[in-house]
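A.B. asks: Structure file work-v1.pdb (PDB, C-alpha atoms, pLDDT in the B column) right here:
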```pdb
ATOM      1  CA  MET A   1      21.641  -9.159 -11.701  1.00 57.00           C
ATOM      2  CA  ASN A   2      20.220 -12.693 -11.483  1.00 70.00           C
ATOM      3  CA  ARG A   3      17.692 -12.890  -8.614  1.00 73.00           C
ATOM      4  CA  GLN A   4      18.752 -16.413  -7.617  1.00 79.00           C
ATOM      5  CA  PHE A   5      22.363 -15.301  -7.416  1.00 81.00           C
ATOM      6  CA  LEU A   6      21.353 -12.417  -5.160  1.00 81.00           C
ATOM      7  CA  ALA A   7      19.330 -14.787  -2.981  1.00 83.00           C
ATOM      8  CA  ASP A   8      22.251 -17.215  -2.733  1.00 84.00           C
ATOM      9  CA  LEU A   9      24.605 -14.382  -1.729  1.00 84.00           C
ATOM     10  CA  ASP A  10      22.159 -13.124   0.867  1.00 84.00           C
ATOM     11  CA  GLN A  11      21.736 -16.615   2.329  1.00 87.00           C
ATOM     12  CA  TYR A  12      25.508 -17.074   2.423  1.00 87.00           C
ATOM     13  CA  PHE A  13      26.091 -13.841   4.349  1.00 85.00           C
ATOM     14  CA  GLN A  14      23.149 -14.413   6.693  1.00 85.00           C
ATOM     15  CA  ALA A  15      24.536 -17.823   7.660  1.00 87.00           C
ATOM     16  CA  LYS A  16      27.915 -16.407   8.718  1.00 86.00           C
ATOM     17  CA  ALA A  17      28.398 -15.792  12.446  1.00 85.00           C
ATOM     18  CA  GLU A  18      30.717 -12.834  11.827  1.00 88.00           C
ATOM     19  CA  LEU A  19      31.376 -10.686   8.784  1.00 85.00           C
ATOM     20  CA  THR A  20      34.607  -9.031   7.762  1.00 89.00           C
ATOM     21  CA  LYS A  21      34.627  -5.323   6.952  1.00 90.00           C
ATOM     22  CA  GLN A  22      34.614  -6.095   3.227  1.00 90.00           C
ATOM     23  CA  GLU A  23      31.743  -8.563   3.628  1.00 87.00           C
ATOM     24  CA  LYS A  24      29.737  -5.947   5.513  1.00 87.00           C
ATOM     25  CA  GLU A  25      30.286  -3.519   2.621  1.00 88.00           C
ATOM     26  CA  LEU A  26      29.162  -6.216   0.191  1.00 87.00           C
ATOM     27  CA  MET A  27      26.046  -6.762   2.305  1.00 85.00           C
ATOM     28  CA  VAL A  28      25.225  -3.060   2.048  1.00 86.00           C
ATOM     29  CA  ALA A  29      25.660  -3.206  -1.740  1.00 86.00           C
ATOM     30  CA  LEU A  30      23.495  -6.344  -1.848  1.00 85.00           C
ATOM     31  CA  GLU A  31      20.689  -4.593   0.032  1.00 85.00           C
ATOM     32  CA  ARG A  32      20.766  -1.828  -2.588  1.00 84.00           C
ATOM     33  CA  GLU A  33      20.359  -4.395  -5.377  1.00 80.00           C
ATOM     34  CA  LYS A  34      17.587  -6.482  -3.812  1.00 80.00           C
ATOM     35  CA  PRO A  35      14.711  -4.026  -4.525  1.00 77.00           C
ATOM     36  CA  HIS A  36      15.462  -4.089  -8.273  1.00 76.00           C
ATOM     37  CA  PHE A  37      13.929  -6.704 -10.595  1.00 76.00           C
ATOM     38  CA  CYS A  38      15.622  -7.057 -13.989  1.00 73.00           C
ATOM     39  CA  ILE A  39      13.425  -7.869 -16.986  1.00 72.00           C
ATOM     40  CA  VAL A  40      16.114  -7.927 -19.698  1.00 73.00           C
ATOM     41  CA  TYR A  41      19.864  -8.304 -19.965  1.00 76.00           C
ATOM     42  CA  ILE A  42      22.360  -8.172 -22.794  1.00 82.00           C
ATOM     43  CA  ASP A  43      25.618 -10.034 -23.360  1.00 86.00           C
ATOM     44  CA  ARG A  44      28.133 -10.462 -26.144  1.00 88.00           C
ATOM     45  CA  ILE A  45      26.080 -13.277 -27.651  1.00 90.00           C
ATOM     46  CA  SER A  46      23.181 -10.822 -27.993  1.00 85.00           C
ATOM     47  CA  VAL A  47      25.463  -8.409 -29.830  1.00 87.00           C
ATOM     48  CA  LYS A  48      26.759 -11.178 -32.085  1.00 87.00           C
ATOM     49  CA  CYS A  49      23.234 -12.396 -32.888  1.00 85.00           C
ATOM     50  CA  SER A  50      22.438  -8.858 -34.067  1.00 83.00           C
ATOM     51  CA  ASN A  51      25.253  -9.150 -36.629  1.00 83.00           C
ATOM     52  CA  PHE A  52      27.766  -6.950 -34.812  1.00 85.00           C
ATOM     53  CA  ARG A  53      31.304  -7.877 -33.820  1.00 84.00           C
ATOM     54  CA  ASP A  54      31.425  -8.756 -30.160  1.00 85.00           C
ATOM     55  CA  ASP A  55      35.092  -9.645 -29.887  1.00 86.00           C
ATOM     56  CA  ILE A  56      36.240  -6.007 -29.981  1.00 89.00           C
ATOM     57  CA  LEU A  57      34.056  -4.891 -27.030  1.00 86.00           C
ATOM     58  CA  SER A  58      35.490  -4.426 -23.554  1.00 89.00           C
ATOM     59  CA  ASP A  59      33.381  -4.792 -20.409  1.00 87.00           C
ATOM     60  CA  ASN A  60      33.202  -1.007 -20.233  1.00 88.00           C
ATOM     61  CA  ASP A  61      31.929  -0.925 -23.826  1.00 89.00           C
ATOM     62  CA  MET A  62      29.246  -3.480 -22.944  1.00 87.00           C
ATOM     63  CA  ASP A  63      28.242  -1.443 -19.913  1.00 85.00           C
ATOM     64  CA  GLN A  64      27.814   1.677 -22.054  1.00 87.00           C
ATOM     65  CA  ILE A  65      25.731  -0.219 -24.612  1.00 87.00           C
ATOM     66  CA  ALA A  66      23.553  -1.610 -21.789  1.00 84.00           C
ATOM     67  CA  ASN A  67      22.966   1.936 -20.482  1.00 83.00           C
ATOM     68  CA  ILE A  68      21.927   3.081 -23.964  1.00 85.00           C
ATOM     69  CA  VAL A  69      19.502   0.140 -24.248  1.00 83.00           C
ATOM     70  CA  ALA A  70      18.026   1.060 -20.851  1.00 79.00           C
ATOM     71  CA  ARG A  71      17.574   4.688 -21.913  1.00 79.00           C
ATOM     72  CA  LEU A  72      15.931   3.717 -25.211  1.00 79.00           C
ATOM     73  CA  TYR A  73      13.621   1.291 -23.425  1.00 77.00           C
ATOM     74  CA  CYS A  74      12.569   3.874 -20.847  1.00 74.00           C
ATOM     75  CA  ASN A  75      11.739   6.333 -23.619  1.00 72.00           C
ATOM     76  CA  SER A  76       9.707   3.817 -25.627  1.00 71.00           C
ATOM     77  CA  GLY A  77       6.716   3.343 -23.336  1.00 65.00           C
ATOM     78  CA  ARG A  78       8.116   1.214 -20.521  1.00 63.00           C
ATOM     79  CA  PHE A  79       5.475   2.415 -18.068  1.00 65.00           C
ATOM     80  CA  CYS A  80       2.700   1.560 -20.539  1.00 71.00           C
ATOM     81  CA  ASP A  81       4.044  -1.997 -20.519  1.00 73.00           C
ATOM     82  CA  LEU A  82       4.265  -1.903 -16.720  1.00 71.00           C
ATOM     83  CA  ASP A  83       0.640  -0.741 -16.481  1.00 78.00           C
ATOM     84  CA  LYS A  84      -0.516  -3.645 -18.640  1.00 78.00           C
ATOM     85  CA  ALA A  85       1.551  -6.150 -16.672  1.00 75.00           C
ATOM     86  CA  CYS A  86       0.237  -4.926 -13.291  1.00 75.00           C
ATOM     87  CA  GLU A  87      -3.359  -4.955 -14.516  1.00 82.00           C
ATOM     88  CA  GLU A  88      -2.965  -8.472 -15.928  1.00 79.00           C
ATOM     89  CA  PHE A  89      -1.480  -9.564 -12.593  1.00 80.00           C
ATOM     90  CA  GLY A  90      -4.565  -8.207 -10.839  1.00 84.00           C
ATOM     91  CA  LEU A  91      -3.212  -5.080  -9.121  1.00 80.00           C
ATOM     92  CA  LYS A  92      -5.497  -2.087  -8.719  1.00 86.00           C
ATOM     93  CA  LYS A  93      -4.319   1.471  -9.239  1.00 87.00           C
ATOM     94  CA  ASN A  94      -4.313   3.887  -6.318  1.00 92.00           C
ATOM     95  CA  PRO A  95      -7.638   5.740  -6.109  1.00 93.00           C
ATOM     96  CA  SER A  96      -7.837   9.127  -7.784  1.00 95.00           C
ATOM     97  CA  CYS A  97      -8.063  12.155  -5.536  1.00 97.00           C
ATOM     98  CA  PRO A  98     -11.568  12.567  -4.023  1.00 97.00           C
ATOM     99  CA  ILE A  99     -11.220  16.346  -4.367  1.00 96.00           C
ATOM    100  CA  CYS A 100      -9.703  16.999  -7.800  1.00 96.00           C
ATOM    101  CA  GLY A 101      -9.631  13.554  -9.430  1.00 95.00           C
ATOM    102  CA  ASN A 102      -5.890  13.507 -10.125  1.00 95.00           C
ATOM    103  CA  PRO A 103      -3.602  10.487  -9.448  1.00 93.00           C
ATOM    104  CA  SER A 104      -2.403   9.714  -5.932  1.00 94.00           C
ATOM    105  CA  ILE A 105       0.666   8.064  -4.414  1.00 93.00           C
ATOM    106  CA  TYR A 106       0.722   5.762  -1.381  1.00 93.00           C
ATOM    107  CA  ASP A 107       3.062   6.252   1.569  1.00 92.00           C
ATOM    108  CA  SER A 108       3.538   2.754   3.038  1.00 88.00           C
ATOM    109  CA  ARG A 109       5.228   4.154   6.166  1.00 88.00           C
ATOM    110  CA  LYS A 110       2.389   6.530   7.058  1.00 91.00           C
ATOM    111  CA  LYS A 111      -0.266   4.314   5.420  1.00 92.00           C
ATOM    112  CA  THR A 112      -1.768   7.300   3.654  1.00 95.00           C
ATOM    113  CA  TYR A 113      -2.558   8.353   0.104  1.00 95.00           C
ATOM    114  CA  GLN A 114      -1.681  11.818  -1.157  1.00 96.00           C
ATOM    115  CA  CYS A 115      -2.845  13.592  -4.291  1.00 95.00           C
ATOM    116  CA  GLU A 116       0.012  14.488  -6.629  1.00 91.00           C
ATOM    117  CA  SER A 117      -1.761  17.708  -7.581  1.00 94.00           C
ATOM    118  CA  CYS A 118      -3.638  19.285  -4.643  1.00 95.00           C
ATOM    119  CA  ASP A 119      -1.838  17.374  -1.817  1.00 94.00           C
ATOM    120  CA  GLN A 120      -5.113  16.116  -0.294  1.00 96.00           C
ATOM    121  CA  LYS A 121      -4.392  13.181   2.053  1.00 96.00           C
ATOM    122  CA  TRP A 122      -6.552  10.258   3.149  1.00 97.00           C
ATOM    123  CA  SER A 123      -6.227   6.697   4.436  1.00 96.00           C
ATOM    124  CA  ASP A 124      -8.142   3.417   4.401  1.00 95.00           C
ATOM    125  CA  THR A 125      -9.740   4.145   7.781  1.00 96.00           C
ATOM    126  CA  TYR A 126     -13.458   4.719   8.344  1.00 97.00           C
ATOM    127  CA  THR A 127     -15.387   7.608   9.840  1.00 97.00           C
ATOM    128  CA  LEU A 128     -18.690   7.530  11.704  1.00 96.00           C
ATOM    129  CA  VAL A 129     -21.254   9.891  10.148  1.00 96.00           C
ATOM    130  CA  GLU A 130     -24.057  10.762  12.610  1.00 94.00           C
ATOM    131  CA  ASP A 131     -25.282  14.225  11.641  1.00 94.00           C
ATOM    132  CA  PRO A 132     -28.742  13.761  10.008  1.00 94.00           C
ATOM    133  CA  GLU A 133     -27.992  16.491   7.462  1.00 94.00           C
ATOM    134  CA  LYS A 134     -24.967  14.483   6.362  1.00 95.00           C
ATOM    135  CA  THR A 135     -26.419  10.960   6.540  1.00 95.00           C
ATOM    136  CA  ASP A 136     -29.277  12.108   4.279  1.00 94.00           C
ATOM    137  CA  ARG A 137     -26.678  12.789   1.585  1.00 95.00           C
ATOM    138  CA  LEU A 138     -25.137   9.306   1.734  1.00 95.00           C
ATOM    139  CA  PRO A 139     -25.963   6.684  -0.930  1.00 94.00           C
ATOM    140  CA  ASP A 140     -28.107   3.895   0.526  1.00 91.00           C
ATOM    141  CA  ASP A 141     -25.528   1.202  -0.243  1.00 94.00           C
ATOM    142  CA  LEU A 142     -22.509   3.049   1.187  1.00 96.00           C
ATOM    143  CA  GLY A 143     -20.886   1.963   4.442  1.00 96.00           C
ATOM    144  CA  TYR A 144     -22.049   0.017   7.479  1.00 97.00           C
ATOM    145  CA  PRO A 145     -24.872   0.993   9.867  1.00 96.00           C
ATOM    146  CA  SER A 146     -24.299   1.938  13.491  1.00 94.00           C
ATOM    147  CA  ALA A 147     -26.863   0.411  15.832  1.00 88.00           C
ATOM    148  CA  GLU A 148     -25.801   2.513  18.813  1.00 85.00           C
ATOM    149  CA  ALA A 149     -25.748   6.016  17.356  1.00 82.00           C
ATOM    150  CA  ARG A 150     -28.622   8.374  18.164  1.00 80.00           C
ATOM    151  CA  ASN A 151     -29.333   8.798  14.454  1.00 86.00           C
ATOM    152  CA  SER A 152     -30.797   5.536  13.122  1.00 87.00           C
ATOM    153  CA  ASN A 153     -29.249   6.277   9.726  1.00 92.00           C
ATOM    154  CA  ALA A 154     -25.726   6.768  11.126  1.00 95.00           C
ATOM    155  CA  ARG A 155     -23.060   4.864   9.236  1.00 96.00           C
ATOM    156  CA  TYR A 156     -19.390   4.032   9.169  1.00 97.00           C
ATOM    157  CA  ILE A 157     -18.035   4.988   5.752  1.00 98.00           C
ATOM    158  CA  PRO A 158     -14.513   5.089   4.253  1.00 98.00           C
ATOM    159  CA  GLU A 159     -12.656   8.349   4.803  1.00 98.00           C
ATOM    160  CA  TYR A 160     -12.189   8.547   1.018  1.00 98.00           C
ATOM    161  CA  ASP A 161     -15.962   8.628   0.417  1.00 97.00           C
ATOM    162  CA  TYR A 162     -16.477  11.182   3.177  1.00 98.00           C
ATOM    163  CA  ILE A 163     -13.997  13.558   1.518  1.00 98.00           C
ATOM    164  CA  ARG A 164     -15.492  12.868  -1.922  1.00 97.00           C
ATOM    165  CA  ILE A 165     -19.053  13.631  -0.779  1.00 97.00           C
ATOM    166  CA  PHE A 166     -18.464  16.500   1.640  1.00 97.00           C
ATOM    167  CA  GLN A 167     -15.279  17.916   0.070  1.00 96.00           C
ATOM    168  CA  LYS A 168     -13.461  18.076   3.395  1.00 95.00           C
ATOM    169  CA  ALA A 169     -11.776  15.778   5.895  1.00 95.00           C
ATOM    170  CA  PRO A 170     -13.788  14.230   8.774  1.00 96.00           C
ATOM    171  CA  GLU A 171     -13.490  15.442  12.351  1.00 93.00           C
ATOM    172  CA  PRO A 172     -10.369  13.946  13.998  1.00 91.00           C
ATOM    173  CA  SER A 173     -12.473  12.246  16.700  1.00 90.00           C
ATOM    174  CA  SER A 174     -14.677  10.385  14.198  1.00 93.00           C
ATOM    175  CA  TYR A 175     -12.138   7.877  12.850  1.00 96.00           C
ATOM    176  CA  PHE A 176     -12.731   4.142  13.386  1.00 96.00           C
ATOM    177  CA  GLU A 177     -11.113   0.851  12.382  1.00 96.00           C
ATOM    178  CA  PRO A 178     -12.918  -2.492  12.014  1.00 97.00           C
ATOM    179  CA  VAL A 179     -10.980  -5.012  14.124  1.00 96.00           C
ATOM    180  CA  SER A 180     -11.645  -8.701  13.424  1.00 96.00           C
ATOM    181  CA  TRP A 181     -11.452 -11.694  15.749  1.00 96.00           C
ATOM    182  CA  PRO A 182      -9.280 -12.717  17.595  1.00 95.00           C
ATOM    183  CA  GLU A 183      -7.618  -9.266  17.785  1.00 95.00           C
ATOM    184  CA  SER A 184     -11.037  -7.782  18.602  1.00 94.00           C
ATOM    185  CA  GLN A 185     -11.299  -9.768  21.853  1.00 92.00           C
ATOM    186  CA  LYS A 186      -9.624  -7.041  23.924  1.00 90.00           C
ATOM    187  CA  TYR A 187     -11.835  -4.369  22.342  1.00 91.00           C
ATOM    188  CA  MET A 188     -15.194  -5.931  23.144  1.00 89.00           C
ATOM    189  CA  PRO A 189     -17.613  -3.203  24.390  1.00 81.00           C
ATOM    190  CA  ASP A 190     -18.306  -2.985  28.105  1.00 69.00           C
ATOM    191  CA  GLU A 191     -21.733  -4.601  28.475  1.00 65.00           C
ATOM    192  CA  ASP A 192     -22.285  -2.966  31.872  1.00 61.00           C
ATOM    193  CA  GLY A 193     -21.917   0.511  30.407  1.00 56.00           C
ATOM    194  CA  ASN A 194     -19.833   1.782  33.308  1.00 54.00           C
ATOM    195  CA  GLY A 195     -18.403   4.728  31.430  1.00 53.00           C
ATOM    196  CA  SER A 196     -15.388   2.703  30.334  1.00 60.00           C
ATOM    197  CA  ILE A 197     -13.430   3.752  27.287  1.00 60.00           C
ATOM    198  CA  LEU A 198     -14.593   0.442  25.813  1.00 68.00           C
ATOM    199  CA  ASP A 199     -18.082   1.976  25.620  1.00 75.00           C
ATOM    200  CA  LEU A 200     -16.874   3.834  22.529  1.00 84.00           C
ATOM    201  CA  ASN A 201     -16.375   0.531  20.722  1.00 92.00           C
ATOM    202  CA  GLU A 202     -19.273  -1.039  18.821  1.00 94.00           C
ATOM    203  CA  LEU A 203     -19.814  -4.696  17.965  1.00 94.00           C
ATOM    204  CA  ILE A 204     -20.349  -5.250  14.233  1.00 96.00           C
ATOM    205  CA  ASN A 205     -23.679  -7.041  13.817  1.00 93.00           C
ATOM    206  CA  ASP A 206     -25.070  -5.926  10.461  1.00 95.00           C
ATOM    207  CA  GLU A 207     -25.252  -8.460   7.630  1.00 95.00           C
ATOM    208  CA  LYS A 208     -22.725  -6.766   5.335  1.00 96.00           C
ATOM    209  CA  GLY A 209     -20.321  -6.112   8.223  1.00 96.00           C
ATOM    210  CA  LEU A 210     -20.434  -9.771   9.318  1.00 97.00           C
ATOM    211  CA  VAL A 211     -19.638 -10.891   5.775  1.00 97.00           C
ATOM    212  CA  ASP A 212     -16.763  -8.415   5.333  1.00 97.00           C
ATOM    213  CA  PHE A 213     -15.211  -8.531   8.830  1.00 97.00           C
ATOM    214  CA  GLY A 214     -16.476 -11.755  10.404  1.00 96.00           C
ATOM    215  CA  VAL A 215     -18.196 -12.645  13.667  1.00 95.00           C
ATOM    216  CA  ASN A 216     -17.117 -10.773  16.814  1.00 95.00           C
ATOM    217  CA  ALA A 217     -15.580  -7.922  14.838  1.00 96.00           C
ATOM    218  CA  VAL A 218     -15.643  -4.502  16.502  1.00 96.00           C
ATOM    219  CA  TRP A 219     -15.620  -0.885  15.393  1.00 96.00           C
ATOM    220  CA  VAL A 220     -12.839   0.740  17.411  1.00 95.00           C
ATOM    221  CA  PRO A 221     -12.066   4.483  17.451  1.00 94.00           C
ATOM    222  CA  LEU A 222      -8.437   5.223  16.634  1.00 92.00           C
ATOM    223  CA  CYS A 223      -7.928   6.661  20.101  1.00 87.00           C
ATOM    224  CA  ASN A 224      -8.644   3.205  21.586  1.00 87.00           C
ATOM    225  CA  LEU A 225      -6.301   1.250  19.312  1.00 85.00           C
ATOM    226  CA  GLU A 226      -3.109   0.035  20.946  1.00 63.00           C
TER     227      GLU A 226
END
```
If you took the structure in this file and wrote it as structure tokens, what would it be?
C.D. replies:
Amino acid sequence: MNRQFLADLDQYFQAKAELTKQEKELMVALEREKPHFCIVYIDRISVKCSNFRDDILSDNDMDQIANIVARLYCNSGRFCDLDKACEEFGLKKNPSCPICGNPSIYDSRKKTYQCESCDQKWSDTYTLVEDPEKTDRLPDDLGYPSAEARNSNARYIPEYDYIRIFQKAPEPSSYFEPVSWPESQKYMPDEDGNGSILDLNELINDEKGLVDFGVNAVWVPLCNLE
């Protein structure tokens, strides 16, 4: 269905103060259509241009022909075309599983990736690695340094890389998020060091962190996030 027509219908219904029962049902049907983006359509002119008789076809006949076209298209490499289109647009594929290397799917509600093969899950959060035996195994250019950890080589690295390197998930208490200004204002560390929960937060001051997250950004453990 034409996207502009759907948008016009949606705007029409949204502008109405009250909807009849039938209009409410139409709104439900409209919501089902909105996630779909048509890339091709056929009509009787298309049939005629292909040197077939169009005058003998009912609407039901046209609907059946359209379904056949859709089936043939799906079986002829549609997803190869979709891959090329997404790559040309600039989209990046979901990362492969850090454990087995197979494709992953993204759950936008939980904000997590999950391997389609081994079910390993991970997110875009970071984990603080402090154990010297572990930090010695990290590539020099991976992650962001922690100035406050007891180990001078401690670093915040993506959960994905932690699982890839150590073949297991991080400890639940080691997860952090970089929070940029102005949202970071309420997470600024307690300078007095009075045992506040804010003491767990760390100001981002390293060169790479300042470039990626900006001035006054803060590493905040997930337990402190509101």
A.B. asks: On this structure, the PyMOL selection byres ((chain A and resi 145) around 10) would catch which residues? List them as a list in words, sorted by chain and number.
C.D. replies: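 With the shown file as input, the PyMOL selection byres ((chain A and resi 145) around 10) matches Leu128, Val129, Leu142, Gly143, Tyr144, Ser146, Ala147, Glu148, Ala149, Ser152, Asn153, Ala154, Arg155, Tyr156, Ile157, Ile204, Asn205, Asp206, Glu207, Lys208 and Gly209 of chain A.
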A.B. asks: Using only C-alpha atoms, please write the residues we just selected to a file, as a CSV table (one decimal), in the frame of the given file.
C.D. replies:
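What ended up in selection.csv:
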```
chain,number,residue,atom,x,y,z
A,128,LEU,CA,-18.7,7.5,11.7
A,129,VAL,CA,-21.3,9.9,10.1
A,142,LEU,CA,-22.5,3.0,1.2
A,143,GLY,CA,-20.9,2.0,4.4
A,144,TYR,CA,-22.0,0.0,7.5
A,146,SER,CA,-24.3,1.9,13.5
A,147,ALA,CA,-26.9,0.4,15.8
A,148,GLU,CA,-25.8,2.5,18.8
A,149,ALA,CA,-25.7,6.0,17.4
A,152,SER,CA,-30.8,5.5,13.1
A,153,ASN,CA,-29.2,6.3,9.7
A,154,ALA,CA,-25.7,6.8,11.1
A,155,ARG,CA,-23.1,4.9,9.2
A,156,TYR,CA,-19.4,4.0,9.2
A,157,ILE,CA,-18.0,5.0,5.8
A,204,ILE,CA,-20.3,-5.2,14.2
A,205,ASN,CA,-23.7,-7.0,13.8
A,206,ASP,CA,-25.1,-5.9,10.5
A,207,GLU,CA,-25.3,-8.5,7.6
A,208,LYS,CA,-22.7,-6.8,5.3
A,209,GLY,CA,-20.3,-6.1,8.2
```
A.B. asks: Enter the distance from atom CA of Ser46 of chain A to atom CA of Cys86 of chain A, in Å, rounded to one decimal.
C.D. replies: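 These atoms are spaced 27.9 Å apart.
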A.B. asks: Tell me which protein, DNA and RNA residues are within 12 Å of Glu171 of chain A, counting only C-alpha atoms, leaving out same-chain ones fewer than 4 positions away, and put them as a PyMOL selection string.
C.D. replies: chain A and resi 126-131+159+162-163+166+175-176
A.B. asks: Just so the selection is clear, what residues does the PyMOL selection byres ((chain A and resi 102) around 12) cover here, as a ChimeraX atom specification?
C.D. replies: /A:94-101,103-105,113-120
A.B. asks: Any chance you can output those residues with C-alpha atoms as a PDB file, in the frame of the given file?
C.D. replies:
```pdb
ATOM      1  CA  ASN A  94      -4.313   3.887  -6.318  1.00 92.00           C
ATOM      2  CA  PRO A  95      -7.638   5.740  -6.109  1.00 93.00           C
ATOM      3  CA  SER A  96      -7.837   9.127  -7.784  1.00 95.00           C
ATOM      4  CA  CYS A  97      -8.063  12.155  -5.536  1.00 97.00           C
ATOM      5  CA  PRO A  98     -11.568  12.567  -4.023  1.00 97.00           C
ATOM      6  CA  ILE A  99     -11.220  16.346  -4.367  1.00 96.00           C
ATOM      7  CA  CYS A 100      -9.703  16.999  -7.800  1.00 96.00           C
ATOM      8  CA  GLY A 101      -9.631  13.554  -9.430  1.00 95.00           C
ATOM      9  CA  PRO A 103      -3.602  10.487  -9.448  1.00 93.00           C
ATOM     10  CA  SER A 104      -2.403   9.714  -5.932  1.00 94.00           C
ATOM     11  CA  ILE A 105       0.666   8.064  -4.414  1.00 93.00           C
ATOM     12  CA  TYR A 113      -2.558   8.353   0.104  1.00 95.00           C
ATOM     13  CA  GLN A 114      -1.681  11.818  -1.157  1.00 96.00           C
ATOM     14  CA  CYS A 115      -2.845  13.592  -4.291  1.00 95.00           C
ATOM     15  CA  GLU A 116       0.012  14.488  -6.629  1.00 91.00           C
ATOM     16  CA  SER A 117      -1.761  17.708  -7.581  1.00 94.00           C
ATOM     17  CA  CYS A 118      -3.638  19.285  -4.643  1.00 95.00           C
ATOM     18  CA  ASP A 119      -1.838  17.374  -1.817  1.00 94.00           C
ATOM     19  CA  GLN A 120      -5.113  16.116  -0.294  1.00 96.00           C
TER      20      GLN A 120
END
```
A.B. asks: For atom CA of Lys34 of chain A and atom CA of Leu6 of chain A, quote the distance in Å rounded to one decimal.
C.D. replies: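 Computed distance, atom CA of Lys34 of chain A to atom CA of Leu6 of chain A, equals 7.2 Å.
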A.B. asks: A:Asp55, A:Phe89, A:Asn224, A:Lys16: which is nearest Ser173 of chain A, counting all atoms listed in the file?
C.D. replies: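 Looking only at the distances to Ser173 of chain A, the closest residue turns out to be A:Asn224.
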A.B. asks: Put the listed atoms of segment 6-24 of chain A in a box along x, y and z with 5 Å added on every side and give me the centre and edge lengths in Å to one decimal, as AutoDock Vina command-line options.
C.D. replies:
```
--center_x 27.0 --center_y -11.6 --center_z 3.6 --size_x 25.3 --size_y 22.5 --size_z 27.6
```
A.B. asks: Using all atoms listed in the file, which residues sit within 9 Å of segment 66-77 of chain A once same-chain residues fewer than 5 positions away are excluded, as number ranges by chain?
C.D. replies: A: 41-43, 61, 82
A.B. asks: Could you work out how far atom CA of Phe37 of chain A lies from atom CA of Glu18 of chain A, giving the answer in Å with one decimal?
C.D. replies: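 Distance reported for this atom pair: 28.7 Å.
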